[in-house]
file protein.cif (mmCIF, C-alpha atoms)
data_coords
loop_
_atom_site.group_PDB
_atom_site.id
_atom_site.type_symbol
_atom_site.label_atom_id
_atom_site.label_comp_id
_atom_site.auth_asym_id
_atom_site.auth_seq_id
_atom_site.Cartn_x
_atom_site.Cartn_y
_atom_site.Cartn_z
ATOM 1 C CA MET A 1 33.746 21.665 -24.658
ATOM 2 C CA SER A 2 35.801 21.505 -21.485
ATOM 3 C CA LYS A 3 33.772 21.205 -18.331
ATOM 4 C CA ARG A 4 36.101 23.813 -16.834
ATOM 5 C CA MET A 5 34.644 26.406 -19.151
ATOM 6 C CA PHE A 6 31.909 27.506 -16.738
ATOM 7 C CA LYS A 7 33.173 28.356 -13.267
ATOM 8 C CA PRO A 8 30.740 28.364 -10.337
ATOM 9 C CA SER A 9 29.218 31.687 -9.253
ATOM 10 C CA THR A 10 30.336 33.364 -12.486
ATOM 11 C CA ILE A 11 28.227 35.320 -14.967
ATOM 12 C CA TYR A 12 28.959 34.617 -18.640
ATOM 13 C CA LEU A 13 27.861 36.122 -21.907
ATOM 14 C CA SER A 14 28.081 33.174 -24.291
ATOM 15 C CA VAL A 15 28.306 34.409 -27.890
ATOM 16 C CA LEU A 16 26.956 31.759 -30.271
ATOM 17 C CA ALA A 17 27.869 31.695 -33.940
ATOM 18 C CA ASN A 18 24.896 32.389 -36.222
ATOM 19 C CA ASP A 19 25.662 29.469 -38.527
ATOM 20 C CA HIS A 20 25.739 26.827 -35.788
ATOM 21 C CA TYR A 21 23.532 28.250 -33.090
ATOM 22 C CA THR A 22 21.957 24.835 -32.522
ATOM 23 C CA GLU A 23 25.210 22.983 -31.906
ATOM 24 C CA SER A 24 26.501 25.736 -29.640
ATOM 25 C CA LEU A 25 23.392 25.874 -27.472
ATOM 26 C CA LEU A 26 23.176 22.086 -27.215
ATOM 27 C CA GLU A 27 26.787 21.917 -26.128
ATOM 28 C CA VAL A 28 26.168 24.533 -23.432
ATOM 29 C CA VAL A 29 23.281 22.434 -22.088
ATOM 30 C CA ARG A 30 25.315 19.215 -22.382
ATOM 31 C CA VAL A 31 28.107 20.665 -20.257
ATOM 32 C CA LEU A 32 25.581 21.703 -17.606
ATOM 33 C CA GLN A 33 23.539 18.489 -17.606
ATOM 34 C CA ASN A 34 24.921 17.368 -14.228
ATOM 35 C CA LYS A 35 23.844 20.651 -12.654
ATOM 36 C CA THR A 36 20.343 21.617 -11.554
ATOM 37 C CA THR A 37 19.609 24.181 -14.240
ATOM 38 C CA CYS A 38 16.899 26.739 -14.863
ATOM 39 C CA PHE A 39 16.587 27.285 -18.623
ATOM 40 C CA VAL A 40 14.842 30.547 -19.510
ATOM 41 C CA THR A 41 13.631 30.410 -23.097
ATOM 42 C CA LEU A 42 12.502 33.367 -25.188
ATOM 43 C CA ASN A 43 12.912 31.508 -28.501
ATOM 44 C CA LYS A 44 11.263 28.104 -28.425
ATOM 45 C CA PRO A 45 8.518 26.521 -26.299
ATOM 46 C CA ALA A 46 9.751 24.181 -23.586
ATOM 47 C CA PHE A 47 8.123 21.093 -25.103
ATOM 48 C CA GLU A 48 10.082 21.575 -28.345
ATOM 49 C CA LEU A 49 13.339 22.229 -26.497
ATOM 50 C CA GLU A 50 12.922 19.135 -24.353
ATOM 51 C CA HIS A 51 12.220 17.039 -27.461
ATOM 52 C CA SER A 52 15.326 18.424 -29.184
ATOM 53 C CA PHE A 53 17.473 17.785 -26.099
ATOM 54 C CA ARG A 54 16.348 14.138 -25.990
ATOM 55 C CA ILE A 55 17.034 13.653 -29.712
ATOM 56 C CA HIS A 56 20.584 14.866 -29.105
ATOM 57 C CA HIS A 57 21.022 12.600 -26.043
ATOM 58 C CA VAL A 58 20.817 15.393 -23.487
ATOM 59 C CA LEU A 59 18.468 14.177 -20.761
ATOM 60 C CA PRO A 60 16.497 17.130 -19.328
ATOM 61 C CA ARG A 61 15.826 15.514 -15.940
ATOM 62 C CA ASN A 62 17.847 18.252 -14.168
ATOM 63 C CA ILE A 63 16.298 21.106 -16.153
ATOM 64 C CA PHE A 64 13.451 23.359 -15.039
ATOM 65 C CA PHE A 65 12.172 25.691 -17.765
ATOM 66 C CA VAL A 66 10.867 29.226 -17.616
ATOM 67 C CA ASP A 67 8.872 29.326 -20.853
ATOM 68 C CA THR A 68 7.839 32.720 -22.263
ATOM 69 C CA VAL A 69 6.712 31.310 -25.625
ATOM 70 C CA THR A 70 4.018 28.652 -25.199
ATOM 71 C CA SER A 71 1.306 30.920 -23.749
ATOM 72 C CA GLY A 72 1.654 33.334 -26.652
ATOM 73 C CA MET A 73 1.151 30.439 -29.091
ATOM 74 C CA GLY A 74 -2.252 29.738 -27.566
ATOM 75 C CA ARG A 75 -1.243 26.230 -26.504
ATOM 76 C CA LYS A 76 -2.510 24.735 -23.249
ATOM 77 C CA GLU A 77 0.572 22.847 -22.123
ATOM 78 C CA ASP A 78 1.102 21.936 -18.481
ATOM 79 C CA MET A 79 4.476 20.261 -18.147
ATOM 80 C CA LYS A 80 5.458 19.806 -14.510
ATOM 81 C CA ASN A 81 9.012 21.072 -15.066
ATOM 82 C CA VAL A 82 7.885 24.326 -16.680
ATOM 83 C CA LEU A 83 6.925 27.699 -15.278
ATOM 84 C CA TYR A 84 4.882 29.565 -17.885
ATOM 85 C CA VAL A 85 5.292 33.323 -18.401
ATOM 86 C CA SER A 86 2.721 35.053 -20.606
ATOM 87 C CA SER A 87 5.169 36.456 -23.201
ATOM 88 C CA PRO A 88 8.827 37.393 -23.781
ATOM 89 C CA ARG A 89 8.011 41.055 -23.174
ATOM 90 C CA ALA A 90 6.310 40.421 -19.822
ATOM 91 C CA PHE A 91 9.383 41.728 -18.019
ATOM 92 C CA THR A 92 7.764 41.947 -14.578
ATOM 93 C CA GLU A 93 6.557 38.344 -14.757
ATOM 94 C CA LEU A 94 9.940 37.200 -16.000
ATOM 95 C CA SER A 95 11.759 39.033 -13.227
ATOM 96 C CA ILE A 96 9.490 37.552 -10.567
ATOM 97 C CA ALA A 97 9.887 34.045 -12.022
ATOM 98 C CA ILE A 98 13.687 34.183 -11.996
ATOM 99 C CA SER A 99 13.708 35.822 -8.563
ATOM 100 C CA GLU A 100 11.711 32.879 -7.197
ATOM 101 C CA ILE A 101 14.104 30.437 -8.879
ATOM 102 C CA LEU A 102 17.057 32.116 -7.173
ATOM 103 C CA ARG A 103 15.161 32.466 -3.890
ATOM 104 C CA SER A 104 14.762 28.684 -3.697
ATOM 105 C CA GLY A 105 18.539 28.320 -3.454
ATOM 106 C CA LYS A 106 18.313 24.935 -5.205
ATOM 107 C CA PHE A 107 19.561 25.774 -8.687
ATOM 108 C CA ASP A 108 23.226 25.629 -9.670
ATOM 109 C CA CYS A 109 22.822 27.526 -12.903
ATOM 110 C CA ILE A 110 20.549 29.788 -14.948
ATOM 111 C CA VAL A 111 20.705 29.769 -18.752
ATOM 112 C CA PHE A 112 19.007 32.758 -20.380
ATOM 113 C CA ASP A 113 18.329 32.243 -24.099
ATOM 114 C CA SER A 114 18.634 34.811 -25.384
ATOM 115 C CA LEU A 115 19.581 38.471 -25.161
ATOM 116 C CA SER A 116 19.304 38.644 -28.948
ATOM 117 C CA THR A 117 15.575 37.943 -28.697
ATOM 118 C CA LEU A 118 15.097 40.221 -25.700
ATOM 119 C CA SER A 119 16.703 43.097 -27.603
ATOM 120 C CA ILE A 120 13.809 43.343 -30.089
ATOM 121 C CA TYR A 121 11.455 44.494 -27.327
ATOM 122 C CA ASP A 122 11.448 47.673 -25.214
ATOM 123 C CA ALA A 123 15.140 48.682 -25.198
ATOM 124 C CA GLN A 124 15.176 50.558 -21.900
ATOM 125 C CA GLY A 125 13.058 47.974 -20.122
ATOM 126 C CA ALA A 126 15.199 45.145 -21.507
ATOM 127 C CA GLU A 127 18.401 46.773 -20.256
ATOM 128 C CA GLN A 128 16.936 47.273 -16.780
ATOM 129 C CA LEU A 129 15.747 43.660 -16.720
ATOM 130 C CA VAL A 130 19.139 42.240 -17.744
ATOM 131 C CA SER A 131 20.991 44.411 -15.242
ATOM 132 C CA SER A 132 18.618 43.335 -12.473
ATOM 133 C CA LEU A 133 18.793 39.624 -13.376
ATOM 134 C CA ILE A 134 22.585 39.653 -13.481
ATOM 135 C CA GLN A 135 22.776 41.394 -10.104
ATOM 136 C CA LYS A 136 20.344 38.895 -8.546
ATOM 137 C CA THR A 137 22.180 35.934 -10.070
ATOM 138 C CA ARG A 138 25.507 37.227 -8.771
ATOM 139 C CA ALA A 139 24.043 37.939 -5.313
ATOM 140 C CA GLY A 140 22.731 34.378 -5.192
ATOM 141 C CA ARG A 141 26.209 33.065 -6.094
ATOM 142 C CA THR A 142 24.639 31.185 -8.986
ATOM 143 C CA LEU A 143 26.309 30.385 -12.298
ATOM 144 C CA GLY A 144 24.677 32.479 -15.031
ATOM 145 C CA VAL A 145 24.933 31.915 -18.797
ATOM 146 C CA PHE A 146 23.327 34.601 -20.955
ATOM 147 C CA THR A 147 23.409 33.796 -24.663
ATOM 148 C CA CYS A 148 23.399 35.996 -27.748
ATOM 149 C CA LEU A 149 24.167 35.605 -31.438
ATOM 150 C CA GLN A 150 27.489 36.720 -32.886
ATOM 151 C CA GLY A 151 25.672 38.867 -35.433
ATOM 152 C CA ASP A 152 24.037 40.889 -32.650
ATOM 153 C CA MET A 153 27.239 41.920 -30.866
ATOM 154 C CA SER A 154 26.860 45.510 -32.078
ATOM 155 C CA ASN A 155 23.381 45.729 -30.518
ATOM 156 C CA ASP A 156 23.152 48.292 -27.693
ATOM 157 C CA LEU A 157 21.685 45.780 -25.212
ATOM 158 C CA ILE A 158 24.442 43.245 -25.914
ATOM 159 C CA GLN A 159 27.143 45.924 -25.682
ATOM 160 C CA LYS A 160 25.876 47.114 -22.308
ATOM 161 C CA SER A 161 25.464 43.537 -21.074
ATOM 162 C CA CYS A 162 29.168 42.976 -21.711
ATOM 163 C CA MET A 163 29.861 45.472 -18.933
ATOM 164 C CA TYR A 164 27.702 43.606 -16.418
ATOM 165 C CA VAL A 165 28.982 40.054 -16.908
ATOM 166 C CA ASP A 166 32.223 38.571 -15.569
ATOM 167 C CA GLU A 167 33.371 36.948 -18.815
ATOM 168 C CA VAL A 168 32.453 37.047 -22.495
ATOM 169 C CA VAL A 169 32.962 33.687 -24.209
ATOM 170 C CA HIS A 170 33.045 33.570 -27.992
ATOM 171 C CA PHE A 171 31.966 30.059 -28.830
ATOM 172 C CA ASP A 172 34.186 29.707 -31.919
ATOM 173 C CA ASP A 173 37.276 30.462 -29.851
ATOM 174 C CA VAL A 174 36.836 27.442 -27.601
ATOM 175 C CA HIS A 175 34.744 25.011 -29.651
ATOM 176 C CA PRO A 176 36.392 24.396 -33.056
ATOM 177 C CA ILE A 177 35.148 20.796 -33.006
ATOM 178 C CA LEU A 178 31.613 22.105 -33.565
ATOM 179 C CA GLN A 179 32.676 23.497 -36.934
ATOM 180 C CA GLN A 180 33.594 19.946 -37.953
ATOM 181 C CA HIS A 181 30.227 18.670 -36.731
ATOM 182 C CA ALA A 182 28.381 21.388 -38.656
ATOM 183 C CA SER A 183 30.432 20.496 -41.736
ATOM 184 C CA HIS A 184 29.326 16.848 -41.442
ATOM 185 C CA VAL A 185 25.687 17.916 -41.259
ATOM 186 C CA ARG A 186 26.088 20.099 -44.348
ATOM 187 C CA THR A 187 27.730 17.175 -46.165
ATOM 188 C CA VAL A 188 24.776 14.890 -45.432
ATOM 189 C CA VAL A 189 22.298 17.499 -46.644
ATOM 190 C CA THR A 190 24.414 18.103 -49.765
ATOM 191 C CA VAL A 191 24.509 14.386 -50.595
ATOM 192 C CA ILE A 192 20.730 14.127 -50.240
ATOM 193 C CA GLY A 193 20.337 17.209 -52.431
ATOM 194 C CA GLY A 194 22.715 15.669 -54.969
ATOM 195 C CA ILE A 195 20.590 12.532 -55.182
ATOM 196 C CA ALA A 196 17.512 14.670 -55.810
ATOM 197 C CA LEU A 197 19.358 16.691 -58.474
ATOM 198 C CA LEU A 198 20.557 13.522 -60.199
ATOM 199 C CA GLY A 199 16.990 12.269 -60.340
ATOM 200 C CA ILE A 200 15.801 15.559 -61.818
ATOM 201 C CA ILE A 201 18.502 15.480 -64.520
ATOM 202 C CA SER A 202 17.751 11.867 -65.393
ATOM 203 C CA SER A 203 14.058 12.677 -65.675
ATOM 204 C CA PHE A 204 14.763 15.193 -68.439
ATOM 205 C CA TYR A 205 16.847 12.773 -70.453
ATOM 206 C CA GLY A 206 14.637 9.764 -69.779
ATOM 207 C CA LEU A 207 15.797 6.192 -70.303
ATOM 208 C CA SER A 208 16.808 4.728 -73.662
ATOM 209 C CA SER A 209 14.463 1.745 -73.445
ATOM 210 C CA PRO A 210 11.045 1.377 -71.913
ATOM 211 C CA THR A 211 10.441 -1.051 -69.126
ATOM 212 C CA GLY A 212 7.265 -2.820 -68.146
ATOM 213 C CA ALA A 213 5.040 -3.564 -65.225
ATOM 214 C CA VAL A 214 3.689 -7.110 -64.915
ATOM 215 C CA PHE A 215 0.027 -7.701 -64.221
ATOM 216 C CA GLY A 216 -0.831 -11.425 -64.211
ATOM 217 C CA VAL A 217 0.933 -12.848 -67.266
ATOM 218 C CA ASP A 218 0.891 -9.781 -69.506
ATOM 219 C CA ALA A 219 3.558 -7.073 -69.488
ATOM 220 C CA LEU A 220 2.272 -3.602 -70.126
ATOM 221 C CA PRO A 221 4.911 -1.205 -71.436
ATOM 222 C CA LEU A 222 5.557 1.787 -69.196
ATOM 223 C CA PRO A 223 6.432 4.891 -71.252
ATOM 224 C CA SER A 224 9.842 6.344 -70.423
ATOM 225 C CA PHE A 225 8.373 9.775 -69.658
ATOM 226 C CA VAL A 226 6.141 8.209 -66.988
ATOM 227 C CA LEU A 227 9.131 6.453 -65.446
ATOM 228 C CA SER A 228 11.090 9.689 -65.612
ATOM 229 C CA LEU A 229 8.256 11.481 -63.855
ATOM 230 C CA LEU A 230 8.269 8.867 -61.093
ATOM 231 C CA VAL A 231 12.039 9.271 -60.697
ATOM 232 C CA LEU A 232 11.626 13.039 -60.535
ATOM 233 C CA VAL A 233 8.888 12.903 -57.883
ATOM 234 C CA GLY A 234 10.775 10.302 -55.853
ATOM 235 C CA SER A 235 14.027 12.257 -55.953
ATOM 236 C CA ILE A 236 12.358 15.495 -54.903
ATOM 237 C CA GLY A 237 10.605 13.575 -52.133
ATOM 238 C CA ILE A 238 13.916 12.204 -50.842
ATOM 239 C CA GLY A 239 15.454 15.670 -50.867
ATOM 240 C CA VAL A 240 12.507 17.290 -49.084
ATOM 241 C CA PHE A 241 12.344 14.505 -46.497
ATOM 242 C CA GLY A 242 16.086 14.758 -45.784
ATOM 243 C CA TYR A 243 15.886 18.519 -45.384
ATOM 244 C CA TYR A 244 12.816 18.194 -43.135
ATOM 245 C CA VAL A 245 14.558 15.679 -40.859
ATOM 246 C CA HIS A 246 17.642 17.900 -40.673
ATOM 247 C CA ARG A 247 15.599 20.978 -39.755
ATOM 248 C CA LYS A 248 13.327 19.112 -37.356
ATOM 249 C CA VAL A 249 16.141 18.270 -34.958
ATOM 250 C CA GLN A 250 17.559 21.789 -34.965
ATOM 251 C CA ILE A 251 16.816 24.413 -32.312
ATOM 252 C CA GLN A 252 16.330 27.471 -34.480
ATOM 253 C CA PRO A 253 15.766 30.893 -32.908
ATOM 254 C CA ARG A 254 12.185 32.020 -33.401
ATOM 255 C CA LEU A 255 10.719 35.493 -33.358
ATOM 256 C CA VAL A 256 7.677 35.392 -31.107
ATOM 257 C CA MET A 257 4.985 37.967 -31.719
ATOM 258 C CA ALA A 258 4.375 38.922 -28.131
ATOM 259 C CA SER A 259 0.854 39.764 -27.053
ATOM 260 C CA ALA A 260 -0.002 43.052 -25.395
ATOM 261 C CA ARG A 261 1.080 43.350 -21.781
ATOM 262 C CA VAL A 262 -1.560 42.452 -19.230
ATOM 263 C CA LYS A 263 -1.156 43.796 -15.725
ATOM 264 C CA LYS A 264 -1.081 41.005 -13.145
ATOM 265 C CA ASN A 265 -0.961 40.985 -9.371
ATOM 266 C CA ALA A 266 2.682 40.578 -8.344
ATOM 267 C CA GLU A 267 1.924 38.766 -5.079
ATOM 268 C CA GLN A 268 -0.344 36.288 -6.818
ATOM 269 C CA LEU A 269 2.349 35.639 -9.404
ATOM 270 C CA ARG A 270 4.980 35.066 -6.704
ATOM 271 C CA SER A 271 2.725 32.632 -4.895
ATOM 272 C CA LYS A 272 1.842 30.774 -8.094
ATOM 273 C CA PHE A 273 5.446 30.575 -9.318
ATOM 274 C CA ARG A 274 6.792 29.594 -5.902
ATOM 275 C CA LYS A 275 4.329 26.704 -5.641
ATOM 276 C CA ARG A 276 5.212 25.391 -9.127
ATOM 277 C CA ILE A 277 8.939 25.522 -8.344
ATOM 278 C CA GLN A 278 8.524 23.879 -4.929
ATOM 279 C CA ASP A 279 6.355 21.093 -6.380
ATOM 280 C CA TRP A 280 9.037 20.269 -8.952
ATOM 281 C CA LEU A 281 11.808 20.348 -6.356
ATOM 282 C CA LYS A 282 9.845 18.012 -4.043
ATOM 283 C CA ASN A 283 9.506 15.500 -6.860
ATOM 284 C CA HIS A 284 13.257 15.590 -7.555
ATOM 285 C CA PRO A 285 14.905 15.053 -4.143
ATOM 286 C CA TYR A 286 17.753 13.096 -5.768
ATOM 287 C CA LEU A 287 19.116 16.371 -7.179
ATOM 288 C CA PHE A 288 20.049 17.732 -3.756
#
call {"tool": "encode", "arguments": {"input": "protein.cif", "output": "C-alpha cells"}}
result
Amino acid sequence: MSKRMFKPSTIYLSVLANDHYTESLLEVVRVLQNKTTCFVTLNKPAFELEHSFRIHHVLPRNIFFVDTVTSGMGRKEDMKNVLYVSSPRAFTELSIAISEILRSGKFDCIVFDSLSTLSIYDAQGAEQLVSSLIQKTRAGRTLGVFTCLQGDMSNDLIQKSCMYVDEVVHFDDVHPILQQHASHVRTVVTVIGGIALLGIISSFYGLSSPTGAVFGVDALPLPSFVLSLLVLVGSIGIGVFGYYVHRKVQIQPRLVMASARVKKNAEQLRSKFRKRIQDWLKNHPYLF
C-alpha cells in the first residue's frame, strides 16, 4: 500500500474484501503505524487485536483503542492503552469516547472498524452516530478511516455513509499484492490438508508388511491396522493444528451479542474517559 493513500484531514470509507478482510485491515494499520491512532473496535477485543498486530510485526505503541467488545464478554481487562465502552450498541458512550479523543487534539487518525458491524444494531441511531462522528472528525481536521466489508455495500447505512465521507477506497483496486499474499496462505493450508488426506488414504490401504517395536531384545510385531490408525490420527492432527495456527493469527470479524443498554451519567463518562486518555498521553510524550 502506498503511504500516499491516506491524506491528512480526509475522511475515507475503506471497503475491505470479504475474503481477505484480515490482510486488508492489517495493511491499513501498518500504513498508519507512524501516526498516533485511535482504533475503535466493534469486532474484536483490544487484547486480541494487539496480539494479532504484534504477530504480524505491527507494533501498537502508537495505538490507543476504544474497545466496545471486552466488557460484553464479561472479561475484566484493564490495559492502559484502552478505553472500554460497555457494548457496540452503547451509542452515547461511543460518541462521548470519540469526542474526548478528538478533543485532546493529540491523535492524527481515527480508525473505525467497522460500519458493517454497526449496521446490525439500531439503524436510525447508527446513521445518526456515523454522521455525527464524521462531522466531528472533519471539524477536528483529523484523518478518519471507516471500514466496511465489500459484501455490505448495499446496506442502507453504508450507502448513506458514502455521502458523508470524502473518498471511498475499494481495497482491491489499490492493493492487488494482497491477493498474492492471500493465495500463499491458501497454498500453505492446502498443502497441510493434502498431507492429512494422504495419511487418511494410506490408513485405508495399510502397509504391505508389518513392522515392529523393540522392547529390550525382543521385537513385538505391530499390526498394520494399528500403524495405519496411528498414521490416520497423526495426519488429522497435523491438518487440525495447521488450520488452527492459520486461524489464530487472523483478525476475523465477530458478531458481538450486545447487552441491554444501561443509562449512564454523561458527565461522569466524560470525566472518566478524559482521565484515561490523558493518562495514556502523559506516558507517551515521545509521540508529540
call {"tool": "resolve_selection", "arguments": {"input": "protein.cif", "expression": "the PyMOL selection byres ((chain A and resi 163-168) around 7)", "output": "number ranges by chain"}}
result
A: 10-14, 131, 160-162, 169-170
call {"tool": "atom_distance", "arguments": {"input": "protein.cif", "atom1": "CA of Ser87 (chain A)", "atom2": "CA of Ile134 (chain A)"}}
result
20.2 Å
call {"tool": "residues_around", "arguments": {"input": "protein.cif", "residues": "Pro88 (chain A)", "least_positions_apart": "4", "cutoff": "12 Å", "atoms": "all atoms listed in the file", "output": "number ranges by chain"}}
result
A: 40-45, 66-73, 84, 92-95, 112-122, 125-126, 129, 254-261
call {"tool": "residues_near_point", "arguments": {"input": "protein.cif", "point": "(28.3, 32.3, -15.3)", "cutoff": "7 Å", "atoms": "all atoms listed in the file", "output": "VMD selection string"}}
result
chain A and resid 6 to 12 143 to 145
call {"tool": "atom_distance", "arguments": {"input": "protein.cif", "atom1": "CA of Val28 (chain A)", "atom2": "CA of Leu133 (chain A)"}}
result
19.6 Å
call {"tool": "atom_distance", "arguments": {"input": "protein.cif", "atom1": "CA of Ser154 (chain A)", "atom2": "CA of Ile96 (chain A)"}}
result
28.8 Å
call {"tool": "resolve_selection", "arguments": {"input": "protein.cif", "expression": "the PyMOL selection byres ((chain A and resi 103) around 12)", "output": "number ranges by chain"}}
result
A: 95-102, 104-107, 136-137, 139-142, 270, 273-274, 277-278
call {"tool": "closest_residue", "arguments": {"input": "protein.cif", "among": "A:Phe171, A:Tyr21, A:Phe64, A:Trp280", "to": "Cys109 (chain A)", "atoms": "all atoms listed in the file"}}
result
A:Phe64
call {"tool": "resolve_selection", "arguments": {"input": "protein.cif", "expression": "the PyMOL selection byres ((chain A and resi 36) around 10)", "output": "PyMOL selection string"}}
result
chain A and resi 32-35+37-39+60-64+106-110+287-288
call {"tool": "residues_around", "arguments": {"input": "protein.cif", "residues": "Leu16 (chain A)", "least_positions_apart": "4", "cutoff": "9 Å", "atoms": "all atoms listed in the file", "output": "list of chain:residue names"}}
result
A:His20, A:Tyr21, A:Thr22, A:Ser24, A:Leu25, A:Thr147, A:Cys148, A:Leu149, A:Gln150, A:Gly151, A:Val169, A:His170, A:Phe171, A:Asp172
